[in-house]
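Here is the structure we will look at.
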Protein chains: 4
Amino acid sequence: MSGSSYGTLFKISTWGESHGDGVGVVVDGCPAGLSLKKADIQKELDRRKTGQSKVTTTRKETDRIHILSGVFQGKTTGTPIALWVENQDADSSKYEEIKNVFRPGHADFTYLMKYGFRDYRGGGRSSARETVGRVAAGAIAKKLLARKRIKIIGYTKQIGPYIAEKNDFNQIEKNIVRCPDKNMAKKMINHILDARKKGDSVGGVVELVITGAPAGLGEPVFDRLDADLAKAMMCIPAVKGIEVGIGFEAAIMYGSECNDPYTIAKGKKITTKTNHSGGVHGGISNGSDIVLRMVVKPTSSINKIQNTVTTNGKKTKIRVEGRHDPCVSPRAVPIAEAMAALTLIDHLMRNQFSQLK
Amino acid sequence: MSGSSYGTLFKISTWGESHGDGVGVVVDGCPAGLSLKKADIQKELDRRKTGQSKVTTTRKETDRIHILSGVFQGKTTGTPIALWVENQDADSSKYEEIKNVFRPGHADFTYLMKYGFRDYRGGGRSSARETVGRVAAGAIAKKLLARKRIKIIGYTKQIGPYIAEKNDFNQIEKNIVRCPDKNMAKKMINHILDARKKGDSVGGVVELVITGAPAGLGEPVFDRLDADLAKAMMCIPAVKGIEVGIGFEAAIMYGSECNDPYTIAKGKKITTKTNHSGGVHGGISNGSDIVLRMVVKPTSSINKIQNTVTTNGKKTKIRVEGRHDPCVSPRAVPIAEAMAALTLIDHLMRNQFSQLK
Amino acid sequence: MSGSSYGTLFKISTWGESHGDGVGVVVDGCPAGLSLKKADIQKELDRRKTGQSKVTTTRKETDRIHILSGVFQGKTTGTPIALWVENQDADSSKYEEIKNVFRPGHADFTYLMKYGFRDYRGGGRSSARETVGRVAAGAIAKKLLARKRIKIIGYTKQIGPYIAEKNDFNQIEKNIVRCPDKNMAKKMINHILDARKKGDSVGGVVELVITGAPAGLGEPVFDRLDADLAKAMMCIPAVKGIEVGIGFEAAIMYGSECNDPYTIAKGKKITTKTNHSGGVHGGISNGSDIVLRMVVKPTSSINKIQNTVTTNGKKTKIRVEGRHDPCVSPRAVPIAEAMAALTLIDHLMRNQFSQLK
Amino acid sequence: MSGSSYGTLFKISTWGESHGDGVGVVVDGCPAGLSLKKADIQKELDRRKTGQSKVTTTRKETDRIHILSGVFQGKTTGTPIALWVENQDADSSKYEEIKNVFRPGHADFTYLMKYGFRDYRGGGRSSARETVGRVAAGAIAKKLLARKRIKIIGYTKQIGPYIAEKNDFNQIEKNIVRCPDKNMAKKMINHILDARKKGDSVGGVVELVITGAPAGLGEPVFDRLDADLAKAMMCIPAVKGIEVGIGFEAAIMYGSECNDPYTIAKGKKITTKTNHSGGVHGGISNGSDIVLRMVVKPTSSINKIQNTVTTNGKKTKIRVEGRHDPCVSPRAVPIAEAMAALTLIDHLMRNQFSQLK
């Protein structure tokens, strides 16, 4: 009940801290019979891991996956799948100096207020390291979705003032910011490196496009597909806002502009001419691409002097030393994809009961 | 499991359709001993009801609350509180003509895809009429929050291009768009009436400020306070996006700008100098005001001719007759407040277990 | 969270008290498309209602069902089904005299301890009147099970020292104790009437046989089918024990006697020669009949003078006036069937995800 | 959702199989600040482990606990506690010969039916080895309960025809069957050894007495304390029946005998003269000792030739080789205590919300 579980039918429980023995996840609800290899999971962890490029932190975590249970003879057994990644080379010593001071933008203060006590080593449980478990579980969800031809494509839409103008999905994994517009990618990279040089960090926008999802996913009135996706994205560290489809632009539109008129596509399929709704009407998918965006704030850890206070309530200054991502966005892409995959598979399963069979 | 329950400890289950016998809610988890009168609930329903001003639909629903259980001698008993509002004067006949056609922007198509069958009278369960139950339950949550001096203030921040520049909370209930800027309110009203005259509708932005919430609310890593609030808002009909604190503006900020430096307020209270975070760090409240915004799309029902298709897949035109809100925002305010109240009380309860007692 | 919901996929939430406005239930999770009429539900309520024979209380409650939502054109819509039965003729005045005293065997004391306050009229929420909602919801579950040819047969196995020796299911509804052994039924009836004459009450055993359930139901390791059935039965008022299959007799058996050897039945079906397990191995149904028994204690309300104390902690005497069932068993049969039906349909739904499809 | 989680506020998720890499549990919901050492958990695992006496299996599993997360500087942090025990010396080779045959009394057949595929090594997930995680989590629950002076005492009440006549709790851990009657313990031991000699196994009854629980625990109407305890016990492998208080004896009692009259104990405490109810009225604890019993069937693995069928549906014979417990009861005691502890702590937490504070 402390909030570390996600999903209703395809349920995951993550555990672990930045500087503990490791981070992991228990996946409960994966049907028996799915072929599952370490490599299926490792490839997603590799997209998330540190040190993968010059725009990420230079820390090196190999993040090798262990499958501890739930798989026999290469197939899932229908029982809980326990996954574990050991923490390596975590140097806690440098956190000694910040144990009595609150890092601005971080959860140091709120964790102390909540728990009366905190694991100050690298943020403890509040570290984005926890998302290793999500990405690992998401890899399984992705395998299940792939069987239904549902695909989740994530990418960097914006970094600082630079907004992708092209949506060439083939480009995404070809540049280190994961941007579908290769020219804009260069500007984004320069913007990040420039900020890093000054000891600063920058924000961005991650966009997801989900293709192949059938109409009918989402459980009104509370567990709407868009509402559950909103939660899924907002529980990613650093995310401060979400849009589905047209998003905040709807504020300045008229109904006659915003409504998506129905039309007939090839194969006599009923569809909409525009997709302002982002593929969701009344909280239920309509068969069009599901489109959502989230904003990620600039990394809180910066190499500049900031004002803050000590745990004893005295004013002080802090400069957060260490190796940090100058921009969260490139590594947030696989995390956002994982959270979307977990949400989609859960709703696919829940939707089995909408109609009598 | 069909998605009509909300909350974990303070749990509500809403039921009812636009043109059925009524709409209601069962509240399970309210402690015994709370004084509860019909008037406590009625006053919130009156803020939500139709026909309250010239910018809302002219339909007249009195929405009188019945308390069917869970209250004895004026106090809650600790057992489920069943609340019911009868539907009145629901004229289903005019829906006969739309039963074979999909209204753009509405959930007609998605409900049919999901359930293979739909209650076409006024949108059935997808009607915003369902939110009566949420507002009724939210009124109880607000009473519980008031005992802890937590207050939720909702208002219209923007309608079309008009954005409130003042935050004078005393003005909110004094104008029919519920805007804290009385001059801007006039422009907003004109904008709405102008659109209505043309048979059109407009969008807007609702903002919530939650004051008095203690530091420590929110259950990482998934049930973060901001993530749960995001879901709470996204499951309100017509909402297409959410921001917490600085929101999407974070994309163009540097870390050194975006981080909220800690400082000491009067009474030696540790606080932040700015509130870009919107009162939440690492998914946990930090004791500052919690600030969030949601965009509401223009009402889907418009009195203009739109392209659409029939349930048999033939192209056709539709003009949605009837009395509809030309802008959702004013009536969305009490709904958003209710959803926030339900989320806050749930997290207040969950937070009882963070520390050993 | 106060415990008034049951089920995970087919979920019910009951509400209401003995002397409030009524008792009801919200059923969330019934698929769209099920034909549902009032009569489907009424027939089960009639089996549960008071005043049906000389061995039940003489109170007369007509218990007429209202379907408030979730059904359109005679079919379920996939959205919550709200069911309500109004309370009638509830004479609360006679409870004035017991409001300051604890009735032995009842929940008066424990409700006061728990909630600090209690609805003393007829036991309030602790009254078995609450089970109206369960039986109503169970009627829907039974309709769904019938489509899969799963049937739940409940009956009185024992009353006082009289134990049914025959299992002639055709006899069950032909006698007022619902016993499958017509000769024993007579002895049971006499035993009850004899006790009533003395102002006393008697206990009994209800047995359920579930036929047609496929192998594979039950979710190890905690949500085993037998474990969930045990909870389902133990949450019926007055139940003090549960057995599955051989039950407590297993204590004196050897493994070589207790194990059910596998064999081949007609149609090459794998089955067991004996059914000591009661149709469940490792918490999962094996395709044989599921057999369980529960003991119901003698009705707590008796017309004899008993020692007790007042709410102020003074010793006193009490004689519980009013019209009470001298034996719970006959009316407990439809309640037990309803709880089993709710449990079975939930597990049937959950089992959809055991294997990849 | 596959059933491997238990609890609502103090929630555990177990994972692991008999012959996989290990067995473990994630505990989510333990408040921050509890002192927790490996030894706290190890001592309970040692009571459960194999090879502890001549009446248990001779397999040797050291079952050393690893705490992977959630504890910092010797105290719980309020975040998930991951516990892991590695499997050792698991010799899977001997299971090759039974992979195509169903062991009577075991879950081989039902797992295959459910999942279409099974881990045949030692029963896989259906093995009682899974209970390691429960006992580990239960040790934490016990520590929390001890702070409230709630104690759970488990013991063997009956083995075969031998029923303890004395309840001398000091004797329990002094004999290898964990019986509170030392003379009867000897007879029980002989009965077990005698059965083992013949290649057979025997059943028994485990009883629990919970002292110190306050009045008010239990959430009617479904999540009654006794109903949740019934489920908690029935989900222990081999349990086939449960009784609370007087249990099945209630069937032959009169209300005037069975009701527990209220009286005044020392300190003006209101209590009952008898405790036929087993400490629970209306599903809520009344402050008396909570007493429950469960029957454990004879171990399914016996060294005798039994009839069975192959997975291809051919009749065959089987003799289950290997080292097995000739009686489950002694090792079931700590498992039952753990499940009771998990249930009690969950209800203690849930009860925090019964009354307004």
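Chains: A, B, ... in order of the structure tokens. Residues: from 1 per chain. Ligands: from 1, in order shown.
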Residues near segment 53-55 of chain D, anyone? I mean within 8 Å using only C-alpha atoms, not counting same-chain ones fewer than 2 positions away, as a PyMOL selection string. chain D and resi 51+57-58+176-177+189+192-193+325-327
Could those selected residues go to a file with C-alpha atoms, as a PDB file, in the first residue's frame?
ATOM      1  CA  GLY D  51      15.551 -31.145   8.711  1.00  0.00           C
ATOM      2  CA  THR D  57      11.831 -34.216   6.071  1.00  0.00           C
ATOM      3  CA  THR D  58      15.530 -34.942   6.212  1.00  0.00           C
ATOM      4  CA  ILE D 176       9.299 -31.525  18.071  1.00  0.00           C
ATOM      5  CA  VAL D 177       5.615 -31.633  17.218  1.00  0.00           C
ATOM      6  CA  ILE D 189       5.579 -38.383  17.709  1.00  0.00           C
ATOM      7  CA  ILE D 192       4.155 -39.987  13.021  1.00  0.00           C
ATOM      8  CA  LEU D 193       7.228 -42.202  13.171  1.00  0.00           C
ATOM      9  CA  ASP D 325       7.551 -34.667   5.912  1.00  0.00           C
ATOM     10  CA  PRO D 326       5.512 -37.524   7.347  1.00  0.00           C
ATOM     11  CA  CYS D 327       3.255 -34.921   8.974  1.00  0.00           C
TER      12      CYS D 327
END
Per residue of chain A within 12 Å of chain C, record the nearest atom pair and its distance in Å to one decimal, counting only C-alpha atoms, with rows in chain order and ascending residue number, as JSON lines.
{"residue": "A:Thr8", "atom": "CA", "partner": "C:Thr8", "partner_atom": "CA", "distance": 9.2}
{"residue": "A:Leu9", "atom": "CA", "partner": "C:Arg350", "partner_atom": "CA", "distance": 8.5}
{"residue": "A:Phe10", "atom": "CA", "partner": "C:Phe353", "partner_atom": "CA", "distance": 9.5}
{"residue": "A:Asp28", "atom": "CA", "partner": "C:Glu219", "partner_atom": "CA", "distance": 10.9}
{"residue": "A:Gly29", "atom": "CA", "partner": "C:Phe353", "partner_atom": "CA", "distance": 7.5}
{"residue": "A:Cys30", "atom": "CA", "partner": "C:Phe353", "partner_atom": "CA", "distance": 7.7}
{"residue": "A:Pro31", "atom": "CA", "partner": "C:Gln355", "partner_atom": "CA", "distance": 4.7}
{"residue": "A:Ala32", "atom": "CA", "partner": "C:Gln355", "partner_atom": "CA", "distance": 4.7}
{"residue": "A:Gly33", "atom": "CA", "partner": "C:Leu356", "partner_atom": "CA", "distance": 5.8}
{"residue": "A:Leu34", "atom": "CA", "partner": "C:Leu356", "partner_atom": "CA", "distance": 6.7}
{"residue": "A:Ser35", "atom": "CA", "partner": "C:Leu356", "partner_atom": "CA", "distance": 10.3}
{"residue": "A:Lys75", "atom": "CA", "partner": "C:Leu356", "partner_atom": "CA", "distance": 10.8}
{"residue": "A:Thr76", "atom": "CA", "partner": "C:Gln355", "partner_atom": "CA", "distance": 9.6}
{"residue": "A:Thr77", "atom": "CA", "partner": "C:Gln355", "partner_atom": "CA", "distance": 8.8}
{"residue": "A:Gly78", "atom": "CA", "partner": "C:Ser354", "partner_atom": "CA", "distance": 6.0}
{"residue": "A:Thr79", "atom": "CA", "partner": "C:Pro220", "partner_atom": "CA", "distance": 8.3}
{"residue": "A:Pro80", "atom": "CA", "partner": "C:Val221", "partner_atom": "CA", "distance": 10.1}
{"residue": "A:Lys143", "atom": "CA", "partner": "C:Leu356", "partner_atom": "CA", "distance": 11.7}
{"residue": "A:Leu144", "atom": "CA", "partner": "C:Leu356", "partner_atom": "CA", "distance": 8.9}
{"residue": "A:Leu145", "atom": "CA", "partner": "C:Leu356", "partner_atom": "CA", "distance": 11.7}
{"residue": "A:Arg147", "atom": "CA", "partner": "C:Lys357", "partner_atom": "CA", "distance": 9.5}
{"residue": "A:Lys148", "atom": "CA", "partner": "C:Lys357", "partner_atom": "CA", "distance": 10.1}
{"residue": "A:Glu219", "atom": "CA", "partner": "C:Thr79", "partner_atom": "CA", "distance": 9.3}
{"residue": "A:Pro220", "atom": "CA", "partner": "C:Thr79", "partner_atom": "CA", "distance": 8.3}
{"residue": "A:Val221", "atom": "CA", "partner": "C:Thr79", "partner_atom": "CA", "distance": 9.0}
{"residue": "A:Phe222", "atom": "CA", "partner": "C:Thr79", "partner_atom": "CA", "distance": 11.9}
{"residue": "A:Ile345", "atom": "CA", "partner": "C:Phe353", "partner_atom": "CA", "distance": 11.6}
{"residue": "A:Asp346", "atom": "CA", "partner": "C:Phe353", "partner_atom": "CA", "distance": 11.1}
{"residue": "A:Leu348", "atom": "CA", "partner": "C:Phe353", "partner_atom": "CA", "distance": 11.0}
{"residue": "A:Met349", "atom": "CA", "partner": "C:Phe353", "partner_atom": "CA", "distance": 7.7}
{"residue": "A:Arg350", "atom": "CA", "partner": "C:Leu9", "partner_atom": "CA", "distance": 8.5}
{"residue": "A:Asn351", "atom": "CA", "partner": "C:Pro31", "partner_atom": "CA", "distance": 9.7}
{"residue": "A:Gln352", "atom": "CA", "partner": "C:Gln352", "partner_atom": "CA", "distance": 8.4}
{"residue": "A:Phe353", "atom": "CA", "partner": "C:Pro31", "partner_atom": "CA", "distance": 5.5}
{"residue": "A:Ser354", "atom": "CA", "partner": "C:Pro31", "partner_atom": "CA", "distance": 4.9}
{"residue": "A:Gln355", "atom": "CA", "partner": "C:Ala32", "partner_atom": "CA", "distance": 4.7}
{"residue": "A:Leu356", "atom": "CA", "partner": "C:Pro31", "partner_atom": "CA", "distance": 5.2}
{"residue": "A:Lys357", "atom": "CA", "partner": "C:Pro31", "partner_atom": "CA", "distance": 8.6}
Residues just named, written with C-alpha atoms as a PDB file, in the first residue's frame:
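Output file selection11.pdb is given in full below:
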ATOM      1  CA  THR A   8      -4.525  -4.339 -11.775  1.00  0.00           C
ATOM      2  CA  LEU A   9      -4.275  -7.538 -13.832  1.00  0.00           C
ATOM      3  CA  PHE A  10      -0.719  -7.258 -15.078  1.00  0.00           C
ATOM      4  CA  ASP A  28       2.467 -10.917 -11.246  1.00  0.00           C
ATOM      5  CA  GLY A  29      -0.075 -11.618 -13.948  1.00  0.00           C
ATOM      6  CA  CYS A  30       1.913 -12.612 -17.003  1.00  0.00           C
ATOM      7  CA  PRO A  31       0.135 -15.548 -18.692  1.00  0.00           C
ATOM      8  CA  ALA A  32       1.945 -18.869 -18.983  1.00  0.00           C
ATOM      9  CA  GLY A  33       3.592 -19.789 -22.243  1.00  0.00           C
ATOM     10  CA  LEU A  34       5.345 -16.580 -23.250  1.00  0.00           C
ATOM     11  CA  SER A  35       8.843 -17.164 -24.508  1.00  0.00           C
ATOM     12  CA  LYS A  75       8.756 -19.912 -21.058  1.00  0.00           C
ATOM     13  CA  THR A  76       6.773 -18.043 -18.460  1.00  0.00           C
ATOM     14  CA  THR A  77       4.932 -20.362 -16.080  1.00  0.00           C
ATOM     15  CA  GLY A  78       2.052 -18.061 -15.131  1.00  0.00           C
ATOM     16  CA  THR A  79       3.539 -17.482 -11.675  1.00  0.00           C
ATOM     17  CA  PRO A  80       5.409 -14.377 -10.448  1.00  0.00           C
ATOM     18  CA  LYS A 143       6.467  -8.677 -25.830  1.00  0.00           C
ATOM     19  CA  LEU A 144       2.824  -9.341 -25.033  1.00  0.00           C
ATOM     20  CA  LEU A 145       1.709  -6.238 -26.934  1.00  0.00           C
ATOM     21  CA  ARG A 147       1.750 -10.368 -30.272  1.00  0.00           C
ATOM     22  CA  LYS A 148      -1.287  -8.120 -30.777  1.00  0.00           C
ATOM     23  CA  GLU A 219     -12.631   1.465 -18.280  1.00  0.00           C
ATOM     24  CA  PRO A 220     -14.868   4.423 -17.618  1.00  0.00           C
ATOM     25  CA  VAL A 221     -15.496   6.324 -15.586  1.00  0.00           C
ATOM     26  CA  PHE A 222     -12.340   6.534 -13.498  1.00  0.00           C
ATOM     27  CA  ILE A 345      -1.378  -4.524 -21.510  1.00  0.00           C
ATOM     28  CA  ASP A 346      -3.388  -4.036 -18.343  1.00  0.00           C
ATOM     29  CA  LEU A 348      -6.097  -5.039 -23.004  1.00  0.00           C
ATOM     30  CA  MET A 349      -6.610  -7.637 -20.301  1.00  0.00           C
ATOM     31  CA  ARG A 350      -9.343  -5.708 -18.532  1.00  0.00           C
ATOM     32  CA  ASN A 351     -11.179  -5.203 -21.810  1.00  0.00           C
ATOM     33  CA  GLN A 352     -11.678  -8.956 -22.169  1.00  0.00           C
ATOM     34  CA  PHE A 353     -14.728  -8.555 -19.964  1.00  0.00           C
ATOM     35  CA  SER A 354     -16.557  -5.720 -21.673  1.00  0.00           C
ATOM     36  CA  GLN A 355     -18.808  -7.999 -23.655  1.00  0.00           C
ATOM     37  CA  LEU A 356     -20.427 -11.315 -22.940  1.00  0.00           C
ATOM     38  CA  LYS A 357     -18.685 -14.232 -24.617  1.00  0.00           C
TER      39      LYS A 357
END
Can you work out the spacing between atom CA of Pro180 of chain C and atom CA of Met294 of chain D in Å, to one decimal? 28.0 Å
With a distance cut-off of 9 Å and only C-alpha atoms, select the neighbouring residues of Cys179 of chain B, excluding the residue or stretch itself and same-chain residues fewer than 5 positions from it, and output the selection as a PyMOL selection string. chain B and resi 155-158+164+167-169+171-174+184-185+188+330
For those residues, write C-alpha atoms to a file as a PDB file, in the first residue's frame.
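Written output follows (again36.pdb):
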ATOM      1  CA  TYR B 155     -11.467  28.500 -10.739  1.00  0.00           C
ATOM      2  CA  THR B 156     -11.452  29.226 -14.427  1.00  0.00           C
ATOM      3  CA  LYS B 157      -7.980  30.347 -15.441  1.00  0.00           C
ATOM      4  CA  GLN B 158      -8.561  30.713 -19.145  1.00  0.00           C
ATOM      5  CA  ALA B 164      -6.930  35.539 -15.802  1.00  0.00           C
ATOM      6  CA  ASN B 167      -5.906  35.650  -8.569  1.00  0.00           C
ATOM      7  CA  ASP B 168      -8.509  37.314  -6.359  1.00  0.00           C
ATOM      8  CA  PHE B 169     -10.168  34.274  -4.842  1.00  0.00           C
ATOM      9  CA  GLN B 171     -14.140  37.053  -6.987  1.00  0.00           C
ATOM     10  CA  ILE B 172     -14.493  33.431  -8.011  1.00  0.00           C
ATOM     11  CA  GLU B 173     -18.063  32.736  -6.987  1.00  0.00           C
ATOM     12  CA  LYS B 174     -19.136  36.286  -7.826  1.00  0.00           C
ATOM     13  CA  MET B 184     -11.251  39.081 -17.541  1.00  0.00           C
ATOM     14  CA  ALA B 185     -14.436  37.301 -16.444  1.00  0.00           C
ATOM     15  CA  MET B 188     -14.697  35.302 -21.018  1.00  0.00           C
ATOM     16  CA  PRO B 330     -17.558  26.920 -15.061  1.00  0.00           C
TER      17      PRO B 330
END
How many Å separate atom CA of Ile210 of chain D from atom CA of Gln306 of chain C?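 Atom CA of Ile210 of chain D sits 27.5 Å away from atom CA of Gln306 of chain C.
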Selected residue, from A:Leu83, A:Thr56, A:Phe117, A:Leu68, that lies nearest to Ser18 of chain D when counting only C-alpha atoms: A:Leu68
Excluding Ser126 of chain B and its own-chain neighbours fewer than 2 positions away, which residues fall within 9 Å of it when counting only C-alpha atoms? Please give them as a compact mmCIF listing (two decimals) with N, CA, C and O atoms, in the first residue's frame.
# COMPACT_ATOMS: atom_id res chain seq x y z
N PRO A 220 -14.24 3.28 -18.26
CA PRO A 220 -14.87 4.42 -17.62
C PRO A 220 -15.56 3.99 -16.32
O PRO A 220 -15.91 2.85 -16.19
N VAL A 221 -15.72 4.92 -15.39
CA VAL A 221 -15.50 6.32 -15.59
C VAL A 221 -14.17 6.81 -15.00
O VAL A 221 -13.71 7.90 -15.36
N GLY A 282 -14.05 9.75 -24.58
CA GLY A 282 -14.76 9.26 -23.40
C GLY A 282 -13.93 8.30 -22.59
O GLY A 282 -14.44 7.44 -21.89
N GLY A 283 -12.61 8.42 -22.72
CA GLY A 283 -11.71 7.57 -21.93
C GLY A 283 -11.44 6.22 -22.56
O GLY A 283 -10.74 5.39 -21.98
N GLU B 17 -26.84 6.54 -15.19
CA GLU B 17 -26.73 7.06 -16.55
C GLU B 17 -27.54 8.33 -16.70
O GLU B 17 -28.39 8.64 -15.87
N SER B 18 -27.30 8.97 -17.79
CA SER B 18 -27.97 10.22 -18.10
C SER B 18 -29.49 10.10 -18.06
O SER B 18 -30.17 10.95 -17.51
N HIS B 106 -17.85 12.94 -29.10
CA HIS B 106 -18.47 12.16 -28.02
C HIS B 106 -17.95 10.73 -28.00
O HIS B 106 -17.18 10.32 -28.87
N ALA B 107 -18.45 9.99 -27.01
CA ALA B 107 -18.00 8.61 -26.83
C ALA B 107 -18.95 7.60 -27.46
O ALA B 107 -18.85 6.41 -27.18
N ASP B 108 -19.83 8.05 -28.32
CA ASP B 108 -20.81 7.13 -28.93
C ASP B 108 -20.11 5.95 -29.61
O ASP B 108 -20.48 4.79 -29.42
N TYR B 111 -17.97 3.68 -27.04
CA TYR B 111 -18.81 2.81 -26.20
C TYR B 111 -19.37 1.65 -27.01
O TYR B 111 -19.42 0.52 -26.54
N GLY B 122 -28.71 10.36 -24.34
CA GLY B 122 -27.90 11.38 -23.66
C GLY B 122 -26.50 10.94 -23.33
O GLY B 122 -25.86 11.46 -22.43
N GLY B 123 -26.02 9.94 -24.07
CA GLY B 123 -24.66 9.48 -23.82
C GLY B 123 -24.58 8.38 -22.76
O GLY B 123 -23.53 7.81 -22.51
N GLY B 124 -25.73 8.09 -22.13
CA GLY B 124 -25.76 7.01 -21.13
C GLY B 124 -24.76 7.26 -20.03
O GLY B 124 -24.74 8.33 -19.42
N ALA B 128 -21.66 13.51 -18.68
CA ALA B 128 -21.08 14.17 -17.51
C ALA B 128 -22.06 14.17 -16.34
O ALA B 128 -21.70 14.53 -15.22
N ARG B 129 -23.29 13.74 -16.60
CA ARG B 129 -24.24 13.61 -15.49
C ARG B 129 -23.71 12.67 -14.42
O ARG B 129 -24.03 12.81 -13.24
N GLU B 130 -22.90 11.70 -14.83
CA GLU B 130 -22.29 10.77 -13.87
C GLU B 130 -21.51 11.49 -12.78
O GLU B 130 -21.36 10.99 -11.67
N PRO B 237 -14.63 14.30 -17.68
CA PRO B 237 -14.94 14.44 -19.10
C PRO B 237 -14.38 15.74 -19.68
O PRO B 237 -14.45 16.78 -19.02
Using only C-alpha atoms, can you tell me which of D:Arg118, D:Thr311, D:Lys60, D:His19 comes closest to Asp91 of chain D?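 Nearest to Asp91 of chain D: D:His19.
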Could you pull out the residues in segment 109-246 of chain B that DSSP calls strand (DSSP E) from the backbone, as a ChimeraX atom specification? /B:151-159,162-163,204-211,239-244
Just the helix (DSSP H, G or I) stuff from segment 110-308 of chain A, please, per backbone DSSP, written as JSON, numbers by chain. {"A": [110, 111, 112, 113, 114, 115, 121, 122, 123, 124, 125, 126, 128, 129, 130, 131, 132, 133, 134, 135, 136, 137, 138, 139, 140, 141, 142, 143, 144, 145, 146, 147, 169, 170, 171, 172, 173, 174, 182, 183, 184, 185, 186, 187, 188, 189, 190, 191, 192, 193, 194, 195, 196, 197, 225, 226, 227, 228, 229, 230, 231, 232, 233, 234, 247, 248, 249, 250, 251, 252, 255, 256, 257, 258, 266, 267, 268]}
Do a neighbour search on Arg149 of chain D at 9 Å with only C-alpha atoms, toss out local chain neighbours closer than 2 positions, and write the hits as a PyMOL selection string. chain D and resi 145-147+151+211-213
If you count only C-alpha atoms, which residues fall within 6 Å of Leu217 of chain A, apart from same-chain ones fewer than 5 positions away, as a ChimeraX atom specification? /A:284-285,347
Between atom CA of Val101 of chain C and atom CA of Gly160 of chain C, what is the distance, to one decimal in Å? 29.2 Å
Nearby residues (only C-alpha atoms) at most 8 Å from Met339 of chain C, same-chain spacing under 4 positions excluded, as a ChimeraX atom specification: /C:134-135,138,229,232-233,335,343
When distances are computed from only C-alpha atoms, which of D:Gly241, D:Val296, D:His276, D:Ala338 shows the smallest separation from Ile12 of chain D? D:Ala338
